[in-house]
file structure.txt (compact mmCIF, C-alpha atoms)
# COMPACT_ATOMS: atom_id res chain seq x y z
CA MET U 1100 -17.67 -70.48 -64.17
CA LYS U 1101 -14.72 -68.35 -65.31
CA SER U 1102 -11.47 -68.17 -63.35
CA LYS U 1103 -11.25 -65.12 -61.08
CA ILE U 1104 -7.54 -64.91 -61.95
CA THR U 1105 -7.21 -65.61 -65.68
CA GLY U 1106 -10.76 -65.25 -66.93
CA GLY U 1107 -10.34 -68.68 -68.50
CA GLU U 1108 -12.18 -71.94 -68.03
CA THR U 1109 -12.61 -73.82 -64.74
CA GLU U 1110 -13.76 -77.30 -63.81
CA LEU U 1111 -16.02 -78.29 -60.95
CA LEU U 1112 -13.84 -79.79 -58.24
CA PHE U 1113 -16.41 -80.80 -55.62
CA THR U 1114 -19.36 -79.58 -53.59
CA GLY U 1115 -19.21 -79.24 -49.83
CA LYS U 1116 -21.13 -77.78 -46.91
CA VAL U 1117 -19.93 -74.34 -45.76
CA LEU U 1118 -20.89 -72.82 -42.39
CA ASN U 1119 -22.52 -76.19 -41.73
CA GLN U 1120 -25.49 -75.25 -43.90
CA TYR U 1121 -24.71 -74.07 -47.46
CA GLU U 1122 -23.90 -76.50 -50.26
CA VAL U 1123 -21.09 -74.69 -52.08
CA GLN U 1124 -19.35 -75.56 -55.32
CA TYR U 1125 -15.55 -75.32 -55.61
CA PHE U 1126 -13.95 -74.77 -59.01
CA ARG U 1127 -10.36 -75.17 -60.27
CA CYS U 1128 -8.78 -72.90 -62.88
CA LEU U 1129 -7.60 -75.07 -65.76
CA ASP U 1130 -4.67 -72.75 -66.51
CA THR U 1131 -3.18 -72.22 -63.04
CA GLY U 1132 -4.81 -74.69 -60.63
CA PHE U 1133 -6.27 -71.83 -58.57
CA ILE U 1134 -9.35 -72.92 -56.59
CA GLN U 1135 -12.31 -70.62 -56.05
CA THR U 1136 -15.79 -71.06 -54.68
CA GLU U 1137 -18.97 -70.17 -56.51
CA GLU U 1138 -19.95 -66.54 -55.91
CA PRO U 1139 -19.72 -66.36 -52.09
CA TYR U 1140 -23.20 -65.17 -51.11
CA TRP U 1141 -22.61 -66.26 -47.50
CA LEU U 1142 -19.79 -63.81 -46.68
CA LYS U 1143 -21.90 -61.37 -44.68
CA GLU U 1144 -22.73 -64.21 -42.32
CA ALA U 1145 -19.16 -65.52 -42.36
CA TYR U 1146 -17.87 -62.11 -41.28
CA SER U 1147 -20.51 -61.41 -38.66
CA SER U 1148 -17.42 -61.62 -36.47
CA ALA U 1149 -14.49 -60.32 -38.54
CA ILE U 1150 -12.03 -62.59 -36.76
CA THR U 1151 -13.54 -65.98 -36.19
CA LYS U 1152 -13.60 -67.47 -32.72
CA LEU U 1153 -12.02 -70.58 -34.25
CA ASP U 1154 -8.77 -68.64 -34.81
CA ILE U 1155 -7.13 -69.62 -31.54
CA GLY U 1156 -3.60 -69.16 -32.89
CA LEU U 1157 -3.88 -65.41 -33.53
CA VAL U 1158 -1.30 -64.14 -31.03
CA PHE U 1159 1.24 -66.90 -31.62
CA ARG U 1160 0.99 -66.45 -35.40
CA ASN U 1161 1.62 -62.72 -35.17
CA GLU U 1162 4.61 -63.18 -32.88
CA THR U 1163 6.05 -65.79 -35.24
CA LEU U 1164 5.54 -63.54 -38.24
CA ARG U 1165 7.27 -60.66 -36.48
CA GLU U 1166 10.38 -62.78 -35.98
CA LYS U 1167 10.34 -63.81 -39.65
CA ILE U 1168 9.70 -60.36 -41.08
CA ILE U 1169 12.21 -58.29 -39.10
CA PRO U 1170 15.30 -59.93 -40.71
CA ILE U 1171 13.73 -59.52 -44.18
CA ILE U 1172 13.14 -55.81 -43.60
CA ASN U 1173 16.60 -55.25 -42.16
CA LYS U 1174 18.31 -57.00 -45.07
CA HIS U 1175 16.27 -55.85 -48.07
CA TYR U 1176 14.44 -52.64 -47.16
CA ASP U 1177 14.89 -49.34 -45.36
CA PRO U 1178 14.03 -50.07 -41.71
CA LYS U 1179 13.28 -46.37 -41.10
CA ALA U 1180 10.68 -46.13 -43.87
CA LYS U 1181 6.90 -46.44 -43.58
CA PHE U 1182 5.25 -49.88 -43.74
CA LEU U 1183 1.62 -50.92 -44.03
CA ASP U 1184 -0.07 -54.05 -42.69
CA TYR U 1185 -3.06 -54.59 -44.96
CA ALA U 1186 -6.25 -56.21 -43.61
CA GLY U 1187 -4.43 -56.40 -40.31
CA GLY U 1188 -7.35 -57.35 -38.07
CA TYR U 1189 -7.16 -55.82 -34.62
CA GLY U 1190 -3.82 -54.16 -35.38
CA LEU U 1191 -1.77 -56.63 -33.36
CA PHE U 1192 1.02 -57.10 -35.93
CA THR U 1193 1.35 -53.35 -36.39
CA ARG U 1194 1.61 -52.93 -32.62
CA LEU U 1195 4.24 -55.67 -32.32
CA MET U 1196 6.32 -54.12 -35.10
CA ARG U 1197 6.01 -50.60 -33.71
CA ASP U 1198 7.13 -51.89 -30.32
CA LYS U 1199 10.30 -53.07 -32.09
CA GLY U 1200 10.87 -49.62 -33.59
CA TYR U 1201 9.44 -50.08 -37.11
CA ASN U 1202 7.14 -47.40 -38.52
CA PHE U 1203 4.19 -49.65 -39.28
CA PHE U 1204 0.64 -48.55 -40.00
CA HIS U 1205 -2.57 -50.57 -40.12
CA THR U 1206 -5.64 -50.84 -42.28
CA ASP U 1207 -8.67 -53.15 -42.16
CA VAL U 1208 -12.10 -52.00 -43.32
CA TYR U 1209 -13.85 -54.95 -41.64
CA CYS U 1210 -12.25 -54.99 -38.21
CA GLN U 1211 -11.78 -52.47 -35.40
CA ASN U 1212 -8.20 -51.29 -34.86
CA LEU U 1213 -7.71 -52.07 -31.18
CA PHE U 1214 -3.94 -52.26 -30.76
CA ALA U 1215 -2.59 -49.65 -33.20
CA GLU U 1216 -4.89 -46.69 -32.66
CA TYR U 1217 -3.49 -43.44 -34.15
CA PHE U 1218 -1.32 -45.51 -36.49
CA ASP U 1219 -3.99 -46.24 -39.07
CA LEU U 1220 -3.93 -45.67 -42.82
CA THR U 1221 -6.65 -43.08 -42.29
CA ASP U 1222 -4.20 -41.02 -40.21
CA LEU U 1223 -1.95 -40.52 -43.26
CA PRO U 1224 -2.27 -38.49 -46.48
CA ASN U 1225 -4.23 -40.30 -49.19
CA ASP U 1226 -1.23 -40.55 -51.52
CA THR U 1227 1.14 -42.15 -48.98
CA LYS U 1228 3.38 -44.84 -50.49
CA PHE U 1229 4.98 -47.54 -48.36
CA GLU U 1230 8.36 -49.24 -48.49
CA LEU U 1231 6.64 -52.58 -47.99
CA LEU U 1232 3.07 -53.78 -47.59
CA THR U 1233 2.40 -56.91 -45.56
CA ALA U 1234 -0.76 -58.99 -45.94
CA PHE U 1235 -0.88 -62.08 -43.77
CA GLU U 1236 -3.68 -64.62 -44.16
CA VAL U 1237 -5.46 -62.23 -46.53
CA PHE U 1238 -5.30 -63.59 -50.09
CA GLU U 1239 -7.45 -66.62 -49.34
CA HIS U 1240 -10.24 -64.28 -48.21
CA LEU U 1241 -10.47 -62.33 -51.49
CA PRO U 1242 -13.60 -63.10 -53.56
CA ASN U 1243 -12.06 -61.30 -56.56
CA PRO U 1244 -8.27 -61.50 -56.09
CA LEU U 1245 -7.24 -59.60 -59.21
CA VAL U 1246 -9.56 -56.65 -58.46
CA GLU U 1247 -8.44 -56.42 -54.84
CA LEU U 1248 -4.76 -56.78 -55.69
CA GLU U 1249 -4.97 -53.97 -58.21
CA LYS U 1250 -6.04 -51.79 -55.28
CA ILE U 1251 -3.38 -53.15 -52.93
CA SER U 1252 -0.66 -52.55 -55.52
CA THR U 1253 -1.26 -48.79 -55.38
CA TYR U 1254 0.22 -48.66 -51.88
CA SER U 1255 3.62 -50.23 -52.48
CA ASP U 1256 6.02 -51.72 -55.01
CA ASN U 1257 6.66 -54.55 -52.54
CA ILE U 1258 3.99 -56.90 -51.16
CA LEU U 1259 5.03 -59.53 -48.65
CA PHE U 1260 2.22 -61.92 -47.86
CA SER U 1261 1.29 -65.32 -46.52
CA THR U 1262 -1.15 -67.87 -47.82
CA VAL U 1263 -0.74 -71.64 -47.67
CA LEU U 1264 -0.14 -73.19 -51.09
CA GLN U 1265 -2.21 -76.14 -52.23
CA PRO U 1266 -0.61 -79.51 -51.44
CA SER U 1267 0.28 -82.02 -54.10
CA GLY U 1268 -2.23 -84.77 -54.67
CA PRO U 1269 -5.96 -84.75 -55.39
CA LEU U 1270 -8.31 -82.35 -53.63
CA ASN U 1271 -11.72 -83.97 -53.94
CA SER U 1272 -13.28 -82.95 -50.64
CA PHE U 1273 -12.69 -80.90 -47.50
CA ASP U 1274 -11.08 -83.97 -45.94
CA ASP U 1275 -8.16 -83.68 -48.37
CA TRP U 1276 -6.86 -80.33 -47.05
CA TRP U 1277 -7.34 -78.59 -43.73
CA TYR U 1278 -6.99 -75.12 -45.26
CA PHE U 1279 -10.45 -75.15 -46.83
CA ILE U 1280 -11.79 -74.45 -43.31
CA PRO U 1281 -15.47 -74.65 -44.34
CA GLU U 1282 -16.60 -74.05 -40.75
CA THR U 1283 -15.78 -70.34 -41.08
CA GLY U 1284 -16.80 -69.82 -44.72
CA GLN U 1285 -14.04 -67.25 -45.17
CA HIS U 1286 -11.51 -69.10 -47.37
CA VAL U 1287 -12.87 -68.58 -50.87
CA ALA U 1288 -9.61 -68.40 -52.90
CA LEU U 1289 -6.88 -71.03 -52.67
CA TYR U 1290 -3.63 -70.77 -54.57
CA THR U 1291 -0.96 -72.73 -56.36
CA GLU U 1292 2.49 -71.28 -56.97
CA ASN U 1293 1.54 -70.98 -60.65
CA SER U 1294 -1.53 -68.92 -59.84
CA LEU U 1295 0.44 -66.49 -57.69
CA ALA U 1296 3.09 -66.18 -60.40
CA TYR U 1297 0.32 -65.39 -62.90
CA LEU U 1298 -1.09 -62.67 -60.65
CA ALA U 1299 2.35 -61.14 -60.11
CA LYS U 1300 3.06 -60.97 -63.83
CA LYS U 1301 -0.39 -59.54 -64.55
CA LEU U 1302 0.23 -56.74 -62.04
CA GLY U 1303 3.80 -56.03 -63.13
CA TYR U 1304 5.63 -57.66 -60.22
CA TYR U 1305 8.39 -60.21 -59.92
CA PHE U 1306 7.39 -63.19 -57.80
CA TYR U 1307 9.30 -65.08 -55.10
CA SER U 1308 8.07 -67.80 -52.77
CA ASP U 1309 9.32 -70.14 -50.07
CA GLY U 1310 7.15 -72.77 -51.76
CA ILE U 1311 5.00 -73.19 -48.68
CA GLU U 1312 3.26 -70.09 -47.35
CA LEU U 1313 5.39 -66.91 -47.48
CA HIS U 1314 5.55 -65.00 -50.77
CA LEU U 1315 6.73 -61.71 -52.25
CA PHE U 1316 5.54 -59.53 -55.12
CA THR U 1317 8.18 -56.92 -55.93
CA LYS U 1318 8.94 -54.46 -58.71
CA ILE U 1319 12.61 -54.26 -57.71

call {"tool": "encode", "arguments": {"input": "structure.txt", "output": "structure tokens"}}
result
Amino acid sequence: MKSKITGGETELLFTGKVLNQYEVQYFRCLDTGFIQTEEPYWLKEAYSSAITKLDIGLVFRNETLREKIIPIINKHYDPKAKFLDYAGGYGLFTRLMRDKGYNFFHTDVYCQNLFAEYFDLTDLPNDTKFELLTAFEVFEHLPNPLVELEKISTYSDNILFSTVLQPSGPLNSFDDWWYFIPETGQHVALYTENSLAYLAKKLGYYFYSDGIELHLFTKI
């Protein structure tokens, strides 16, 4: 199987049971360490509920992200500009940021916008550009990261996103890292810092990372 990031060779990492029923192969990119599943034929079932019932930290995570993101916006960007939260679920983060006075908009083609109605990408002109695009807990859900990121990059020159980086040490089964989360079947792309740096360069961005889970693609 070819790497979804580089197009180069991969190696079979292990096979494990996803959604408690499908035996799924996981592959590692030999160039970047990026981990991908075999073609994820189970995604329709995995997204029968767009936000899994196992995600019990949804509200706390969004509140925590708000407190992290506000200082970044105030220091590095125009706080009065337009912002977009990509694949933003129910619109909770957009609502939280709007309540703090930031002109955030929401988009998610798989999930109903419950909390940020009238502040959706569809309410704006098609050619709207944003000061900053946020994408939290999104990258690990992308079956074809490079294809999807080419689309995302049309919205902004700055992409601030979260995804947990692979830990050091061997990853030979689900037991070696909690972030595989096979019970939901939704995490099909798992990154190293090298793989994110490769993607950034491929798309014409500079890359910055906290080395853990918060990252930035920027053309500035």

call {"tool": "closest_residue", "arguments": {"input": "structure.txt", "among": "U:Leu1220, U:Glu1292, U:Leu1302, U:Leu1164", "to": "Ala1234 in chain U", "atoms": "all atoms listed in the file"}}
result
U:Leu1164

call {"tool": "atom_distance", "arguments": {"input": "structure.txt", "atom1": "CA of Leu1213 in chain U", "atom2": "CA of Leu1195 in chain U"}}
result
12.5 Å

call {"tool": "closest_residue", "arguments": {"input": "structure.txt", "among": "U:Phe1204, U:Thr1136, U:Ser1252, U:Phe1238", "to": "Gly1303 in chain U", "atoms": "all atoms listed in the file"}}
result
U:Ser1252

call {"tool": "residues_around", "arguments": {"input": "structure.txt", "residues": "range 1100-1104 of chain U", "least_positions_apart": "6", "cutoff": "7 Å", "atoms": "only C-alpha atoms", "output": "PyMOL selection string"}}
result
chain U and resi 1128+1243-1245+1298

call {"tool": "residues_around", "arguments": {"input": "structure.txt", "residues": "Asp1184 in chain U", "least_positions_apart": "5", "cutoff": "6 Å", "atoms": "only C-alpha atoms", "output": "list in words"}}
result
His1205, Leu1232, Thr1233 and Ala1234 of chain U

call {"tool": "residues_around", "arguments": {"input": "structure.txt", "residues": "Pro1178 in chain U", "least_positions_apart": "3", "cutoff": "12 Å", "atoms": "only C-alpha atoms", "output": "number ranges by chain"}}
result
U: 1168-1175, 1181-1182, 1196-1197, 1199-1203, 1229-1231

call {"tool": "residues_around", "arguments": {"input": "structure.txt", "residues": "Glu1282 in chain U", "least_positions_apart": "4", "cutoff": "8 Å", "atoms": "all atoms listed in the file", "output": "MDAnalysis selection string"}}
result
chainID U and resid 1117:1119

call {"tool": "residues_near_point", "arguments": {"input": "structure.txt", "point": "(-2.6, -44.4, -34.6)", "cutoff": "10 Å", "atoms": "all atoms listed in the file", "output": "PyMOL selection string"}}
result
chain U and resi 1190+1193-1194+1203-1205+1212-1223

call {"tool": "closest_residue", "arguments": {"input": "structure.txt", "among": "U:Tyr1146, U:Phe1306, U:Phe1192, U:Tyr1140", "to": "Val1158 in chain U", "atoms": "all atoms listed in the file"}}
result
U:Phe1192

call {"tool": "closest_residue", "arguments": {"input": "structure.txt", "among": "U:Gly1115, U:Gly1310, U:Gly1188, U:Pro1139", "to": "Phe1235 in chain U", "atoms": "only C-alpha atoms"}}
result
U:Gly1188

call {"tool": "closest_residue", "arguments": {"input": "structure.txt", "among": "U:Tyr1185, U:Tyr1304, U:Phe1273, U:Phe1113", "to": "Phe1260 in chain U", "atoms": "all atoms listed in the file"}}
result
U:Tyr1185

call {"tool": "closest_residue", "arguments": {"input": "structure.txt", "among": "U:Glu1162, U:Asp1130, U:Glu1249, U:Asp1275", "to": "Tyr1297 in chain U", "atoms": "all atoms listed in the file"}}
result
U:Asp1130

call {"tool": "atom_distance", "arguments": {"input": "structure.txt", "atom1": "CA of Asp1226 in chain U", "atom2": "CA of Ser1255 in chain U"}}
result
10.9 Å

call {"tool": "build_atoms", "arguments": {"input": "structure.txt", "residues": "range 1284-1295 of chain U", "atoms": "all heavy atoms", "output": "short mmCIF file (atom, residue, chain, number, x, y, z; two decimals), in the coordinates of the input"}}
result
data_model
loop_
_atom_site.label_atom_id
_atom_site.label_comp_id
_atom_site.auth_asym_id
_atom_site.auth_seq_id
_atom_site.Cartn_x
_atom_site.Cartn_y
_atom_site.Cartn_z
N GLY U 1284 -16.28 -70.38 -43.47
CA GLY U 1284 -16.80 -69.82 -44.72
C GLY U 1284 -16.00 -68.68 -45.29
O GLY U 1284 -16.45 -68.00 -46.23
N GLN U 1285 -14.79 -68.43 -44.77
CA GLN U 1285 -14.04 -67.25 -45.17
C GLN U 1285 -12.96 -67.52 -46.23
O GLN U 1285 -12.51 -66.60 -46.89
CB GLN U 1285 -13.40 -66.60 -43.94
CG GLN U 1285 -14.41 -66.05 -42.95
CD GLN U 1285 -13.76 -65.36 -41.76
OE1 GLN U 1285 -12.54 -65.30 -41.66
NE2 GLN U 1285 -14.57 -64.85 -40.86
N HIS U 1286 -12.54 -68.77 -46.39
CA HIS U 1286 -11.51 -69.10 -47.37
C HIS U 1286 -12.17 -69.43 -48.71
O HIS U 1286 -12.66 -70.54 -48.91
CB HIS U 1286 -10.66 -70.27 -46.89
CG HIS U 1286 -9.70 -69.89 -45.82
ND1 HIS U 1286 -8.61 -70.67 -45.47
CD2 HIS U 1286 -9.63 -68.78 -45.03
CE1 HIS U 1286 -7.93 -70.08 -44.49
NE2 HIS U 1286 -8.54 -68.94 -44.22
N VAL U 1287 -12.16 -68.43 -49.60
CA VAL U 1287 -12.87 -68.58 -50.87
C VAL U 1287 -11.92 -68.57 -52.07
O VAL U 1287 -12.38 -68.69 -53.22
CB VAL U 1287 -13.92 -67.46 -51.04
CG1 VAL U 1287 -14.97 -67.56 -49.94
CG2 VAL U 1287 -13.26 -66.08 -51.03
N ALA U 1288 -10.61 -68.45 -51.82
CA ALA U 1288 -9.61 -68.40 -52.90
C ALA U 1288 -8.35 -69.12 -52.42
O ALA U 1288 -7.75 -68.72 -51.43
CB ALA U 1288 -9.29 -66.94 -53.25
N LEU U 1289 -7.96 -70.17 -53.13
CA LEU U 1289 -6.88 -71.03 -52.67
C LEU U 1289 -5.88 -71.22 -53.82
O LEU U 1289 -6.27 -71.57 -54.92
CB LEU U 1289 -7.45 -72.36 -52.20
CG LEU U 1289 -8.48 -72.18 -51.06
CD1 LEU U 1289 -9.50 -73.29 -51.06
CD2 LEU U 1289 -7.78 -72.07 -49.73
N TYR U 1290 -4.60 -71.02 -53.52
CA TYR U 1290 -3.63 -70.77 -54.57
C TYR U 1290 -2.62 -71.91 -54.77
O TYR U 1290 -2.26 -72.63 -53.84
CB TYR U 1290 -2.85 -69.49 -54.25
CG TYR U 1290 -3.74 -68.29 -54.12
CD1 TYR U 1290 -4.38 -68.01 -52.91
CD2 TYR U 1290 -3.97 -67.44 -55.20
CE1 TYR U 1290 -5.23 -66.92 -52.78
CE2 TYR U 1290 -4.81 -66.34 -55.08
CZ TYR U 1290 -5.43 -66.08 -53.86
OH TYR U 1290 -6.27 -65.00 -53.74
N THR U 1291 -2.16 -71.98 -56.00
CA THR U 1291 -0.96 -72.73 -56.36
C THR U 1291 0.15 -71.71 -56.58
O THR U 1291 -0.11 -70.50 -56.73
CB THR U 1291 -1.15 -73.53 -57.64
OG1 THR U 1291 -1.44 -72.60 -58.71
CG2 THR U 1291 -2.29 -74.53 -57.52
N GLU U 1292 1.38 -72.18 -56.66
CA GLU U 1292 2.49 -71.28 -56.97
C GLU U 1292 2.30 -70.68 -58.37
O GLU U 1292 2.59 -69.50 -58.59
CB GLU U 1292 3.81 -72.04 -56.86
CG GLU U 1292 5.01 -71.13 -56.74
CD GLU U 1292 6.25 -71.84 -56.23
OE1 GLU U 1292 6.13 -72.94 -55.64
OE2 GLU U 1292 7.35 -71.29 -56.42
N ASN U 1293 1.79 -71.48 -59.30
CA ASN U 1293 1.54 -70.98 -60.65
C ASN U 1293 0.53 -69.85 -60.67
O ASN U 1293 0.67 -68.88 -61.43
CB ASN U 1293 1.05 -72.11 -61.56
CG ASN U 1293 2.16 -73.05 -61.99
OD1 ASN U 1293 3.33 -72.69 -61.91
ND2 ASN U 1293 1.80 -74.24 -62.44
N SER U 1294 -0.50 -69.96 -59.85
CA SER U 1294 -1.53 -68.92 -59.84
C SER U 1294 -1.00 -67.62 -59.26
O SER U 1294 -1.34 -66.53 -59.74
CB SER U 1294 -2.77 -69.39 -59.07
OG SER U 1294 -2.49 -69.65 -57.72
N LEU U 1295 -0.15 -67.70 -58.25
CA LEU U 1295 0.44 -66.49 -57.69
C LEU U 1295 1.42 -65.86 -58.68
O LEU U 1295 1.49 -64.63 -58.82
CB LEU U 1295 1.15 -66.79 -56.38
CG LEU U 1295 0.24 -67.17 -55.21
CD1 LEU U 1295 1.07 -67.53 -53.98
CD2 LEU U 1295 -0.73 -66.03 -54.87
#
